[in-house]
$ cat query29.txt   # compact mmCIF, C-alpha atoms
# COMPACT_ATOMS: atom_id res chain seq x y z
CA MET J 651 -20.86 -12.16 22.80
CA ALA J 652 -20.84 -8.99 24.88
CA GLU J 653 -20.09 -5.62 23.33
CA ASP J 654 -16.99 -3.76 24.54
CA GLY J 655 -18.95 -0.53 24.64
CA PRO J 656 -20.82 1.71 22.24
CA ALA J 657 -19.99 1.31 18.58
CA LYS J 658 -17.43 3.79 17.32
CA PRO J 659 -18.74 6.23 14.71
CA GLN J 660 -17.60 5.33 11.21
CA LEU J 661 -16.35 7.62 8.51
CA SER J 662 -16.26 6.67 4.83
CA MET J 663 -13.55 8.64 3.04
CA PRO J 664 -13.61 8.48 -0.78
CA LEU J 665 -10.53 8.24 -2.95
CA VAL J 666 -10.85 11.22 -5.26
CA LEU J 667 -9.32 11.45 -8.72
CA ASP J 668 -6.78 14.29 -8.87
CA PRO J 669 -7.11 15.34 -12.53
CA ASP J 670 -4.60 18.21 -12.27
CA LEU J 671 -1.83 16.05 -10.82
CA THR J 672 -2.61 13.21 -13.24
CA ARG J 673 -2.43 15.66 -16.16
CA GLN J 674 0.83 17.13 -14.84
CA MET J 675 2.38 13.66 -14.61
CA ARG J 676 1.20 12.81 -18.13
CA LEU J 677 2.76 16.06 -19.39
CA ARG J 678 6.08 14.93 -17.87
CA VAL J 679 5.92 11.71 -19.90
CA GLU J 680 5.01 13.61 -23.07
CA SER J 681 7.73 16.21 -22.49
CA LEU J 682 10.40 13.52 -22.13
CA ARG J 683 9.11 11.78 -25.25
CA GLN J 684 9.13 14.99 -27.33
CA ARG J 685 12.65 15.94 -26.24
CA GLY J 686 13.95 12.41 -26.66
CA GLU J 687 15.11 12.32 -23.05
CA LYS J 688 15.05 9.46 -20.56
CA ARG J 689 13.46 9.48 -17.14
CA GLN J 690 15.57 10.19 -14.08
CA ASP J 691 17.16 7.18 -12.41
CA GLY J 692 14.41 5.63 -10.25
CA GLU J 693 11.66 7.95 -11.53
CA LYS J 694 8.19 6.44 -11.86
CA LEU J 695 6.48 7.70 -15.01
CA LEU J 696 2.69 7.56 -15.24
CA ARG J 697 1.47 4.95 -17.72
CA PRO J 698 -1.71 5.51 -19.77
CA ALA J 699 -3.77 3.15 -17.55
CA GLU J 700 -2.70 4.91 -14.32
CA SER J 701 -4.25 7.88 -12.54
CA VAL J 702 -3.48 9.76 -9.34
CA TYR J 703 -6.05 9.77 -6.56
CA ARG J 704 -6.03 11.45 -3.17
CA LEU J 705 -7.51 10.95 0.26
CA ASP J 706 -7.96 14.05 2.40
CA PHE J 707 -7.17 13.62 6.10
CA SER J 708 -7.06 17.36 6.87
CA GLN J 709 -10.19 17.24 9.06
CA GLN J 710 -9.56 13.80 10.61
CA GLN J 711 -6.38 12.30 11.97
CA ARG J 712 -7.66 9.98 14.72
CA LEU J 713 -8.80 7.05 12.63
CA GLN J 714 -8.72 3.27 12.83
CA PHE J 715 -9.00 1.31 9.59
CA GLU J 716 -12.21 -0.70 9.30
CA ARG J 717 -12.53 -1.81 5.66
CA TRP J 718 -12.26 -0.92 1.98
CA SER J 719 -15.42 -0.13 0.04
CA VAL J 720 -14.77 -0.70 -3.67
CA ALA J 721 -17.29 -0.95 -6.48
CA LEU J 722 -16.33 -1.64 -10.08
CA GLY J 723 -18.82 -0.64 -12.77
CA LYS J 724 -17.82 -3.56 -14.98
CA PRO J 725 -15.51 -6.58 -14.90
CA GLY J 726 -11.82 -5.77 -14.61
CA LYS J 727 -9.05 -5.11 -12.13
CA VAL J 728 -7.66 -2.10 -10.24
CA THR J 729 -4.48 -1.89 -8.21
CA ILE J 730 -4.31 0.84 -5.57
CA THR J 731 -0.77 1.71 -4.53
CA GLY J 732 -0.07 4.24 -1.81
CA THR J 733 2.73 6.71 -2.17
CA SER J 734 4.93 8.31 0.43
CA GLN J 735 5.10 11.29 -1.91
CA ASN J 736 3.88 14.52 -0.39
CA TRP J 737 3.54 16.59 -3.57
CA THR J 738 4.73 20.14 -3.31
CA PRO J 739 3.70 23.04 -5.56
CA ASP J 740 6.64 22.36 -7.88
CA LEU J 741 5.25 18.83 -8.43
CA THR J 742 8.47 16.97 -7.80
CA ASN J 743 8.77 13.74 -9.74
CA LEU J 744 7.48 10.49 -8.27
CA MET J 745 10.26 8.01 -7.57
CA THR J 746 9.71 4.25 -7.46
CA ARG J 747 11.07 4.11 -3.90
CA GLN J 748 8.09 6.26 -2.86
CA LEU J 749 5.57 3.55 -3.78
CA LEU J 750 4.37 1.73 -0.66
CA ASP J 751 3.97 -2.03 -0.25
CA PRO J 752 1.68 -3.84 -0.21
CA ALA J 753 -0.75 -2.65 -2.87
CA ALA J 754 -4.46 -3.40 -2.66
CA ILE J 755 -5.79 -5.27 -5.70
CA PHE J 756 -9.51 -5.47 -6.44
CA TRP J 757 -11.17 -7.26 -9.35
CA ARG J 758 -14.56 -8.24 -10.64
CA ALA J 759 -14.86 -11.34 -12.80
CA GLU J 760 -17.03 -11.52 -15.89
CA GLY J 761 -20.60 -12.39 -14.84
CA ALA J 762 -19.93 -11.64 -11.15
CA GLU J 763 -21.63 -8.89 -9.18
CA ALA J 764 -19.26 -8.91 -6.21
CA VAL J 765 -15.75 -7.48 -6.13
CA ASP J 766 -12.93 -9.77 -4.92
CA TRP J 767 -9.63 -8.58 -3.48
CA ASN J 768 -6.26 -9.70 -2.16
CA GLU J 769 -7.56 -9.58 1.40
CA ALA J 770 -4.34 -9.83 3.46
CA ASP J 771 -2.50 -7.14 1.47
CA ALA J 772 -5.55 -4.84 1.31
CA LEU J 773 -6.05 -5.11 5.07
CA GLU J 774 -2.37 -4.47 5.82
CA PHE J 775 -2.39 -1.48 3.47
CA GLY J 776 -5.58 -0.15 5.09
CA GLU J 777 -4.08 -0.43 8.55
CA ARG J 778 -1.05 1.58 7.39
CA LEU J 779 -3.45 4.33 6.29
CA SER J 780 -4.55 4.80 9.91
CA ASP J 781 -0.94 5.50 10.87
CA LEU J 782 -0.39 7.82 7.92
CA ALA J 783 -3.56 9.76 8.78
CA LYS J 784 -1.89 10.85 12.01
CA ILE J 785 0.90 12.65 10.17
CA ARG J 786 -0.56 13.50 6.76
CA LYS J 787 -3.11 16.01 5.63
CA VAL J 788 -3.43 14.35 2.22
CA MET J 789 -2.42 10.92 0.98
CA TYR J 790 -1.81 10.21 -2.70
CA PHE J 791 -2.42 6.94 -4.52
CA LEU J 792 -1.43 5.56 -7.87
CA VAL J 793 -4.40 3.62 -9.27
CA THR J 794 -3.70 1.24 -12.14
CA PHE J 795 -6.69 0.20 -14.24
CA GLY J 796 -6.62 -3.14 -16.01
CA GLU J 797 -8.77 -5.23 -18.31
CA GLY J 798 -10.66 -2.30 -19.81
CA LEU J 799 -11.50 -0.42 -16.61
CA GLU J 800 -11.08 3.35 -16.39
CA PRO J 801 -11.60 5.98 -13.68
CA ALA J 802 -15.34 6.29 -14.40
CA ASP J 803 -15.76 2.59 -13.47
CA LEU J 804 -14.29 2.94 -9.97
CA LYS J 805 -15.94 4.03 -6.74
CA ALA J 806 -13.55 3.49 -3.87
CA SER J 807 -13.49 4.67 -0.30
CA VAL J 808 -11.81 3.68 2.92
CA VAL J 809 -14.05 3.21 5.95
CA PHE J 810 -12.50 4.17 9.28
CA ASN J 811 -13.67 4.06 12.87
CA GLN J 812 -13.32 7.49 14.46
CA LEU J 813 -11.36 7.38 17.70
$ encode --input "query29.txt" --output "structure tokens"
Amino acid sequence: MAEDGPAKPQLSMPLVLDPDLTRQMRLRVESLRQRGEKRQDGEKLLRPAESVYRLDFSQQQRLQFERWSVALGKPGKVTITGTSQNWTPDLTNLMTRQLLDPAAIFWRAEGAEAVDWNEADALEFGERLSDLAKIRKVMYFLVTFGEGLEPADLKASVVFNQL
């Protein structure tokens, strides 16, 4: 099969834990609990097994999704959900309508070395990232850890072709 031209340079962009934003969102949950208040209608509160991650597009906006690169340090499952939220300094609350579909789900079975994933959804989600990179400087993700996984067990990046 003939090549269409030289291979495009690739860029691996890691999803980075945002500890400040995660802590701020956890404080919101704790504050509501202490005051005995309920969440706003449609507000998404951070659960204990969820953390906020970010992907920085500030230096690169001309990208084409190539693949996910996800490694799990032990068996378990992670769900990566993109958000349309563009957090401002006042840290406005995350609303459920700001969670993007589909989510990318990755898991590693007991005794397995390789990570499996919901391929169609992960690919569709990855392709949407290319479009969002054109208009966003930073993209935020809600990562849900299941089956005993935690942030230290996840190494995730998105590999793009540079256009």
$ closest_residue --input "query29.txt" --among "J:Val808, J:Leu695, J:Glu680, J:Pro801" --to "J:Leu744" --atoms "all atoms listed in the file"
J:Leu695
$ atom_distance --input "query29.txt" --atom1 "atom CA of J:Asp751" --atom2 "atom CA of J:Phe707"
20.2 Å
$ atom_distance --input "query29.txt" --atom1 "atom CA of J:Glu716" --atom2 "atom CA of J:Val809"
5.5 Å
$ residues_near_point --input "query29.txt" --point "(-14.3, -5.7, -8.9)" --cutoff "9 Å" --atoms "only C-alpha atoms" --output "list of chain:residue names"
J:Val720, J:Ala721, J:Leu722, J:Gly723, J:Lys724, J:Pro725, J:Gly726, J:Lys727, J:Val728, J:Phe756, J:Trp757, J:Arg758, J:Ala759, J:Ala762, J:Glu763, J:Ala764, J:Val765, J:Asp766, J:Trp767, J:Leu804
$ residues_near_point --input "query29.txt" --point "(-9.0, 0.5, 4.1)" --cutoff "7 Å" --atoms "all atoms listed in the file" --output "compact mmCIF listing (two decimals) with C-alpha atoms, in the frame of the given file"
# COMPACT_ATOMS: atom_id res chain seq x y z
CA PHE J 715 -9.00 1.31 9.59
CA GLU J 716 -12.21 -0.70 9.30
CA ARG J 717 -12.53 -1.81 5.66
CA TRP J 718 -12.26 -0.92 1.98
CA ALA J 772 -5.55 -4.84 1.31
CA LEU J 773 -6.05 -5.11 5.07
CA PHE J 775 -2.39 -1.48 3.47
CA GLY J 776 -5.58 -0.15 5.09
CA GLU J 777 -4.08 -0.43 8.55
CA VAL J 808 -11.81 3.68 2.92
CA VAL J 809 -14.05 3.21 5.95
$ atom_distance --input "query29.txt" --atom1 "atom CA of J:Tyr703" --atom2 "atom CA of J:Leu665"
6.0 Å
$ closest_residue --input "query29.txt" --among "J:Arg786, J:Lys694, J:Lys805, J:Ala657" --to "J:Arg678" --atoms "only C-alpha atoms"
J:Lys694
$ closest_residue --input "query29.txt" --among "J:Ile755, J:Leu779, J:Val793, J:Leu750" --to "J:Pro698" --atoms "only C-alpha atoms"
J:Val793
$ closest_residue --input "query29.txt" --among "J:Ser780, J:Ser719, J:Gln690, J:Ser708" --to "J:Thr746" --atoms "only C-alpha atoms"
J:Gln690
$ closest_residue --input "query29.txt" --among "J:Asp668, J:Glu769, J:Glu687, J:Asp706" --to "J:Lys787" --atoms "only C-alpha atoms"
J:Asp706
$ residues_around --input "query29.txt" --residues "J:Leu749" --least-positions-apart "3" --cutoff "7 Å" --atoms "all atoms listed in the file" --output "ChimeraX atom specification"
/J:731-734,746
$ write_last_selection --input "query29.txt" --atoms "C-alpha atoms" --output "PDB file, in the frame of the given file"
ATOM      1  CA  THR J 731      -0.770   1.710  -4.530  1.00  0.00           C
ATOM      2  CA  GLY J 732      -0.070   4.240  -1.810  1.00  0.00           C
ATOM      3  CA  THR J 733       2.730   6.710  -2.170  1.00  0.00           C
ATOM      4  CA  SER J 734       4.930   8.310   0.430  1.00  0.00           C
ATOM      5  CA  THR J 746       9.710   4.250  -7.460  1.00  0.00           C
TER       6      THR J 746
END
$ residues_around --input "query29.txt" --residues "J:Val666" --least-positions-apart "3" --cutoff "12 Å" --atoms "all atoms listed in the file" --output "NGL selection string"
:J and (663 or 669-672 or 701-706 or 788-793 or 801-802 or 804-808)
$ closest_residue --input "query29.txt" --among "J:Asp691, J:Asp803, J:Gln660, J:Arg685" --to "J:Met745" --atoms "only C-alpha atoms"
J:Asp691
$ decode --input "query29.txt" --residues "stretch 708-734 of chain J" --atoms "N, CA, C and O atoms" --output "compact mmCIF listing (two decimals), in the first residue's frame"
# COMPACT_ATOMS: atom_id res chain seq x y z
N SER J 708 -3.09 25.02 24.94
CA SER J 708 -2.70 26.41 24.71
C SER J 708 -1.59 26.57 23.67
O SER J 708 -1.53 27.59 23.00
N GLN J 709 -0.74 25.58 23.52
CA GLN J 709 0.35 25.68 22.53
C GLN J 709 0.00 24.99 21.21
O GLN J 709 0.73 25.13 20.24
N GLN J 710 -1.07 24.20 21.18
CA GLN J 710 -1.41 23.42 19.99
C GLN J 710 -2.90 23.42 19.76
O GLN J 710 -3.64 22.94 20.60
N GLN J 711 -3.33 23.93 18.62
CA GLN J 711 -4.75 23.83 18.30
C GLN J 711 -5.01 23.07 17.00
O GLN J 711 -6.13 22.70 16.74
N ARG J 712 -4.01 22.82 16.22
CA ARG J 712 -4.20 22.12 14.93
C ARG J 712 -3.83 20.65 15.11
O ARG J 712 -2.71 20.24 14.82
N LEU J 713 -4.79 19.90 15.61
CA LEU J 713 -4.54 18.51 15.96
C LEU J 713 -5.59 17.59 15.35
O LEU J 713 -6.74 17.98 15.19
N GLN J 714 -5.17 16.37 15.06
CA GLN J 714 -6.09 15.33 14.58
C GLN J 714 -5.92 14.14 15.51
O GLN J 714 -4.81 13.65 15.72
N PHE J 715 -7.02 13.68 16.09
CA PHE J 715 -6.96 12.57 17.03
C PHE J 715 -6.37 11.33 16.37
O PHE J 715 -6.73 10.98 15.25
N GLU J 716 -5.46 10.69 17.08
CA GLU J 716 -4.85 9.44 16.61
C GLU J 716 -5.29 8.27 17.49
O GLU J 716 -5.81 7.28 17.02
N ARG J 717 -5.04 8.37 18.81
CA ARG J 717 -5.40 7.26 19.71
C ARG J 717 -5.28 7.70 21.18
O ARG J 717 -4.67 8.71 21.48
N TRP J 718 -5.87 6.91 22.04
CA TRP J 718 -5.70 7.05 23.48
C TRP J 718 -4.50 6.21 23.90
O TRP J 718 -4.27 5.14 23.33
N SER J 719 -3.79 6.66 24.90
CA SER J 719 -2.72 5.87 25.51
C SER J 719 -3.02 5.83 27.00
O SER J 719 -2.85 6.83 27.70
N VAL J 720 -3.51 4.68 27.46
CA VAL J 720 -3.94 4.55 28.86
C VAL J 720 -3.27 3.34 29.47
O VAL J 720 -3.29 2.25 28.90
N ALA J 721 -2.65 3.56 30.62
CA ALA J 721 -2.05 2.47 31.39
C ALA J 721 -2.64 2.50 32.79
O ALA J 721 -2.75 3.57 33.40
N LEU J 722 -3.05 1.33 33.26
CA LEU J 722 -3.59 1.20 34.61
C LEU J 722 -2.60 0.38 35.43
O LEU J 722 -2.21 -0.71 35.02
N GLY J 723 -2.22 0.90 36.58
CA GLY J 723 -1.22 0.25 37.42
C GLY J 723 -1.68 -1.04 38.06
O GLY J 723 -0.85 -1.83 38.53
N LYS J 724 -2.98 -1.27 38.08
CA LYS J 724 -3.53 -2.51 38.63
C LYS J 724 -4.91 -2.72 38.02
O LYS J 724 -5.44 -1.82 37.37
N PRO J 725 -5.49 -3.91 38.20
CA PRO J 725 -6.82 -4.15 37.64
C PRO J 725 -7.85 -3.16 38.19
O PRO J 725 -7.78 -2.75 39.34
N GLY J 726 -8.78 -2.79 37.34
CA GLY J 726 -9.84 -1.86 37.71
C GLY J 726 -10.36 -1.15 36.48
O GLY J 726 -10.07 -1.54 35.35
N LYS J 727 -11.14 -0.11 36.72
CA LYS J 727 -11.83 0.57 35.63
C LYS J 727 -11.80 2.08 35.85
O LYS J 727 -11.95 2.54 36.97
N VAL J 728 -11.59 2.83 34.76
CA VAL J 728 -11.71 4.30 34.81
C VAL J 728 -12.65 4.75 33.69
O VAL J 728 -12.65 4.18 32.61
N THR J 729 -13.42 5.76 34.00
CA THR J 729 -14.30 6.38 33.02
C THR J 729 -13.85 7.83 32.88
O THR J 729 -13.77 8.56 33.87
N ILE J 730 -13.53 8.23 31.65
CA ILE J 730 -13.09 9.59 31.38
C ILE J 730 -14.22 10.31 30.64
O ILE J 730 -14.59 9.93 29.54
N THR J 731 -14.76 11.33 31.30
CA THR J 731 -15.86 12.10 30.74
C THR J 731 -15.39 13.52 30.49
O THR J 731 -14.86 14.16 31.40
N GLY J 732 -15.55 13.99 29.29
CA GLY J 732 -15.20 15.37 28.98
C GLY J 732 -16.26 16.31 29.50
O GLY J 732 -17.41 15.93 29.71
N THR J 733 -15.85 17.54 29.75
CA THR J 733 -16.82 18.55 30.16
C THR J 733 -16.77 19.72 29.19
O THR J 733 -15.72 20.02 28.63
N SER J 734 -17.90 20.36 29.03
CA SER J 734 -17.92 21.59 28.24
C SER J 734 -17.63 22.77 29.14
O SER J 734 -17.59 23.91 28.70
